[in-house]
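Asker: Can you keep this structure in mind? I'll have questions shortly.
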Amino acid sequence: MALALARKYRPRTFSDLLVQDHVAQVLRGAVSSGRVGHGYLLTGPRGVGKTTAARILAMALNCERKAEAPVPGEPCGECATCLRIWNGAANLDVIEIDAASNRGVDDARDLRERAMYAASEAEHYKVYIVDEAHMLTREAWNALLKILEEPPPRVVFVFATTEPQKIANTAAPVLSRLQRFDFRRIGPAAIRERLQYVARAEGLAVEDDALRIIAKYADGGMRDALSVLDQALSFGDGPVTAQRVRDILGLVADELHAEVLGIIADRAPERVFPLVSRLVDAGADLGEFLAAAAESLRALLMIKLGAEPEGLTETLRHALTAHADQLASGDLLRMLRIVADQEGNVRRSGNPRLVVETTLLRWAMIDRTVDLERVRAQGGGGTPAAPSHRAQPERGSAPRPQPPAGPPADPVVPVPVTTAPFSVDGIRAVWDELLEAAGRDKKILGIALAATRPVAADAPTVVLELVEDNPMYAETLERMRGTVESLLGVRLGAAVSLQVRSATAGGPASRPKRMTEAGNRAERLSKLRGKDPALDAAATELDLEVLE
């Protein structure tokens with residue numbers, strides 16, 4: 001029977017541990033200097049080398065040739081004792097215990113009694129390796145507490161766990177009696193490099209993209225990566241291809257993720273339903289698909305911000321490069337926030353297909369972010385971009401937009417804008433479009449503007465009349481006067497100076513002397529915002545309604 005790759009290529013020395021140099025250096029130094037602790041706690045994700053490090057420590061303490069080791073503190077890895085420990089075979093001085101099945105107080109008492117006996121040879125150490133240590137009960141830890149505090153000579157306890165917080169909750173006093181080492185996740189690049197070494201050593205033909213997929217899927221665990229490679233080798237003859245690995249792991253092909261990017265870039269929500277139908281018909285894991293799609297967006301955002309994502313196949317990298325100029329960084333960030341809210345729902349939902357479809361539809365139909373300053377600079381005409389969702393609010397008058405000298409300079413998302421004559425009829429012709437744009441910029445602005453009507457237009461002055469003399473609407477229009485002037489200027493193709501007047505008074509909009517309850521409340525809230533600039537800025541920027 002062939003030995004599994006994860007066992008065959010398990011490290012035999014501290015130097016072989018991947019990305020755990022901070023652990024290897026301390027343990028190697030402790031062995032070489034004779035300052036070995038009596039208790040260690042090794043924590044970290046699964047498959048990163050915790051149990052392996054414990055075995056290497058046991059090998060280094062009991063190696064028959066440790067005096068001849070070229071590197072002090074390292075085991076030879078070849079003597080009979082080292083091989084027996086490395087293989088996990090029966091050994092009088094190195095005892096491995098699975099705490100998941102030996103977790104009770106009786107098991108702990110038995111371990112404590114056995115630890116009192118000396119090692120088989122005078123120069124040897126007795127090493128107890130307790131895996132899944134977080135499974136031990138509170139009573140079991142209490143039974144071990146005394147021996148961990150005052151252990152017999154030449155006895156070492158090594159506890160390995162993926163959940164140290166459970167030990168802290170169950171037996172906090174134990175932690176102060178152990179030296180703790182936190183193992184790191186192994187990066188995709190290091191895993192891929194190790195897989196390439198194994199493939200060369202085994203004489204295997206493996207595609208680079210296949211190794212990238214395995215390294216990414218392993219999620220920091222070297223053991224998982226070697227197990228997947230083993231599985232791919234058993235799948236069939238011939239080279240290990242990327243498609244074979246995807247079939248084994250049930251992953252969606254990169255071409256489908258490239259198709260998702262195309263749907264988003266083309267704003268084509270109608271293509272979502274056929275795509276999801278193909279996924280369902282193929283039996284794809286929709287949760288895995290959505291997570292991978294989010295990773296594609298994350299990789300695209302990294303590329304746009306000048307970072308280099310790891311583990312991309314050539315197909316996916318080509319797709320990301322092709323769509324990089326079509327999607328703004330702000331839009332990608334908002335899409336990632338959407339999927340962060342929905343990803344857990346896929347696993348819990350009774351209808352995961354609906355969750356995936358709605359998420360993809362929201363991506364495809366999302367409003368695009370455009371810089372409002374660019375709109376102001378363009379001033380109108382042509383096809384300027386829509387106002388930004390995150391534009392900064394303005395107070396008082398603002399720089400007037402100037403007529404454009406030519407077509408807009410590379411807008412993020414071209415949005416057709418009608419240019420109307422500078423007249424009341426011209427403003428009324430584009431009024432609905434103006435209200436929609438204002439509502440996209442700030443919801444409260446759209447509501448306030450909808451409560452007005454254009455009554456005069458004599459360049460550069462535009463007069464709007466409040467149909468309802470609402471003080472909150474008047475305050476909003478005054479505070480965001482510059483934004484309204486910019487929106488009007490874009491559609492009229494000229495600079496605009498805005499005036500807002502009251503329908504009842506005929507002059508500038510002002511608060512009436514007699515106010516309704518709603519008006520009184522609006523005035524109090526306005527004063528509250530005036531007293532707190534931070535609150536005012538937050539409410540304006542985030543488009544919030546301030547409540548008493």
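Residue names in the structure tokens use chain letters A, B, ... in the order shown, residue numbers from 1 in each chain, and ligand numbers from 1 in the order shown.
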Could you give me, as a VMD selection string, the residues within 12 Å of Pro164 (chain A), counting only C-alpha atoms and dropping anything in the same chain fewer than 5 positions from it?
Answerer: chain A and resid 41 to 45 132 to 136 159 169 to 172 174 to 175 180 to 183
Asker: Residues of the last selection are to be written out with N, CA and C atoms, as a short mmCIF file (atom, residue, chain, number, x, y, z; two decimals), in the first residue's frame.
Answerer:
data_model
loop_
_atom_site.label_atom_id
_atom_site.label_comp_id
_atom_site.auth_asym_id
_atom_site.auth_seq_id
_atom_site.Cartn_x
_atom_site.Cartn_y
_atom_site.Cartn_z
N LEU A 41 2.16 24.63 24.55
CA LEU A 41 0.86 24.68 23.91
C LEU A 41 1.06 25.18 22.48
N LEU A 42 0.75 24.31 21.51
CA LEU A 42 0.90 24.64 20.10
C LEU A 42 -0.49 24.90 19.52
N THR A 43 -0.73 26.11 19.03
CA THR A 43 -2.05 26.47 18.52
C THR A 43 -1.95 26.92 17.06
N GLY A 44 -3.07 26.83 16.38
CA GLY A 44 -3.10 27.27 14.98
C GLY A 44 -4.09 26.46 14.17
N PRO A 45 -4.34 26.85 12.91
CA PRO A 45 -5.28 26.13 12.05
C PRO A 45 -4.82 24.70 11.81
N GLU A 132 -5.71 17.69 19.89
CA GLU A 132 -7.09 18.17 20.14
C GLU A 132 -7.29 18.46 21.63
N ALA A 133 -6.35 19.17 22.21
CA ALA A 133 -6.34 19.38 23.65
C ALA A 133 -7.56 20.14 24.15
N HIS A 134 -8.20 20.92 23.28
CA HIS A 134 -9.38 21.68 23.72
C HIS A 134 -10.57 20.77 24.06
N MET A 135 -10.47 19.48 23.72
CA MET A 135 -11.55 18.54 24.02
C MET A 135 -11.50 18.03 25.46
N LEU A 136 -10.40 18.26 26.16
CA LEU A 136 -10.32 17.81 27.54
C LEU A 136 -11.34 18.54 28.41
N PHE A 159 0.80 20.07 24.17
CA PHE A 159 -0.62 20.09 23.85
C PHE A 159 -0.81 20.83 22.52
N ASN A 169 -11.21 29.25 28.36
CA ASN A 169 -12.50 29.29 29.04
C ASN A 169 -12.67 28.16 30.05
N THR A 170 -12.07 27.00 29.71
CA THR A 170 -12.26 25.82 30.56
C THR A 170 -11.23 25.73 31.68
N ALA A 171 -9.99 26.05 31.35
CA ALA A 171 -8.91 25.85 32.33
C ALA A 171 -7.88 26.96 32.20
N ALA A 172 -8.26 28.17 32.50
CA ALA A 172 -7.36 29.31 32.37
C ALA A 172 -6.06 29.16 33.17
N VAL A 174 -4.20 26.74 33.53
CA VAL A 174 -3.24 25.89 32.82
C VAL A 174 -2.35 26.71 31.90
N LEU A 175 -2.91 27.74 31.29
CA LEU A 175 -2.16 28.50 30.29
C LEU A 175 -0.90 29.13 30.86
N ARG A 180 3.38 28.99 25.08
CA ARG A 180 2.46 28.96 23.93
C ARG A 180 3.16 29.40 22.65
N PHE A 181 2.89 28.65 21.57
CA PHE A 181 3.38 29.00 20.24
C PHE A 181 2.19 29.01 19.28
N ASP A 182 2.02 30.13 18.58
CA ASP A 182 0.93 30.25 17.60
C ASP A 182 1.47 30.00 16.20
N PHE A 183 0.97 28.96 15.58
CA PHE A 183 1.39 28.61 14.22
C PHE A 183 0.60 29.44 13.21
#
Asker: Would you mind listing what lies within 8 Å of Leu487 (chain A) as an mmCIF file with N, CA, C and O atoms, in the first residue's frame, with only C-alpha atoms counted and same-chain residues fewer than 6 positions away left out?
Answerer:
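Output (around_2.cif):
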data_model
loop_
_atom_site.group_PDB
_atom_site.id
_atom_site.type_symbol
_atom_site.label_atom_id
_atom_site.label_comp_id
_atom_site.auth_asym_id
_atom_site.auth_seq_id
_atom_site.Cartn_x
_atom_site.Cartn_y
_atom_site.Cartn_z
ATOM 1 N N LEU A 434 -33.897 65.708 -13.464
ATOM 2 C CA LEU A 434 -33.187 66.435 -12.416
ATOM 3 C C LEU A 434 -33.525 65.874 -11.038
ATOM 4 O O LEU A 434 -32.640 65.689 -10.188
ATOM 5 N N ALA A 437 -31.755 62.527 -10.479
ATOM 6 C CA ALA A 437 -30.320 62.712 -10.202
ATOM 7 C C ALA A 437 -30.104 63.242 -8.791
ATOM 8 O O ALA A 437 -29.186 62.813 -8.085
ATOM 9 N N ALA A 438 -30.962 64.176 -8.358
ATOM 10 C CA ALA A 438 -30.822 64.717 -7.001
ATOM 11 C C ALA A 438 -31.077 63.646 -5.958
ATOM 12 O O ALA A 438 -30.390 63.570 -4.939
#
Asker: As a list in words, which residues of region 6-172 of chain A does DSSP assign to strand (DSSP E)?
Answerer: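 So the strand (DSSP E) residues in region 6-172 of chain A would be Gly39, Tyr40, Leu41, Leu42, Thr43, Val94, Ile95, Glu96, Ile97, Asp98, Lys126, Val127, Tyr128, Ile129, Val130, Asp131, Val155, Val156, Phe157, Val158, Phe159, Ala160 and Thr161 of chain A.
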Asker: Which one is closest to Phe422 (chain A): A:Ala307, A:Val462, A:Ala225, A:Leu445? Count only C-alpha atoms.
Answerer: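 Using only C-alpha atoms, Phe422 (chain A) sits closest to A:Val462.
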Asker: Just give me the gap between CA of Ala54 (chain A) and CA of Trp86 (chain A) in Å, one decimal is fine.
Answerer: 10.0 Å
Asker: List the neighbours of region 49-51 of chain A out to 10 Å using only C-alpha atoms; skip same-chain residues closer than 4 positions along the sequence, and give me the result as number ranges by chain.
Answerer: A: 10-11, 17-20, 23, 41-45, 55-57, 96, 129-132, 158-162, 181-186, 221-223
Asker: Extract, using only C-alpha atoms, all DNA, RNA and protein residues at most 12 Å from Leu336 (chain A), discarding same-chain residues fewer than 3 positions from it, and format them as number ranges by chain.
Answerer: A: 290-301, 329-333, 339-343, 359-360, 362-363, 366
Asker: Can you work out which one of A:Ala457, A:Gly446, A:Gln165, A:Lys304 has the shortest atom-to-atom distance to Arg428 (chain A), counting only C-alpha atoms?
Answerer: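 Looking only at the distances to Arg428 (chain A), the closest residue turns out to be A:Ala457.
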Asker: Counting only C-alpha atoms, what is within 8 Å of region 100-113 of chain A, bar same-chain residues fewer than 2 positions away, as a PyMOL selection string?
Answerer: chain A and resi 97-98+115-117+131-133+135-137+139-141+143-144+147
Asker: Just list the residues in region 51-256 of chain A DSSP gives helix (DSSP H, G or I) on the backbone, as number ranges by chain.
Answerer: A: 51-62, 66-68, 80-87, 105-115, 133-135, 138-149, 164-170, 172-175, 188-202, 208-217, 222-235, 242-249, 254-256
Asker: Taking 4 positions as the minimum chain separation for residues in the same chain, which residues sit within 9 Å of Asp254 (chain A) when counting only C-alpha atoms? Answer as a list in words.
Answerer: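 Residues near the query, excluding close chain neighbours: Ala258, Glu259, Thr313, Thr315, Leu316 and Ala319 of chain A.
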Asker: Print the selection's residues with C-alpha atoms to a file, as a PDB file, in the first residue's frame.
Answerer:
ATOM      1  CA  ALA A 258     -15.173  35.574 -16.000  1.00  0.00           C
ATOM      2  CA  GLU A 259     -18.770  35.489 -17.255  1.00  0.00           C
ATOM      3  CA  THR A 313      -5.019  31.122 -12.821  1.00  0.00           C
ATOM      4  CA  THR A 315      -7.787  32.382 -17.342  1.00  0.00           C
ATOM      5  CA  LEU A 316      -8.993  34.406 -14.377  1.00  0.00           C
ATOM      6  CA  ALA A 319     -10.596  38.138 -17.354  1.00  0.00           C
TER       7      ALA A 319
END
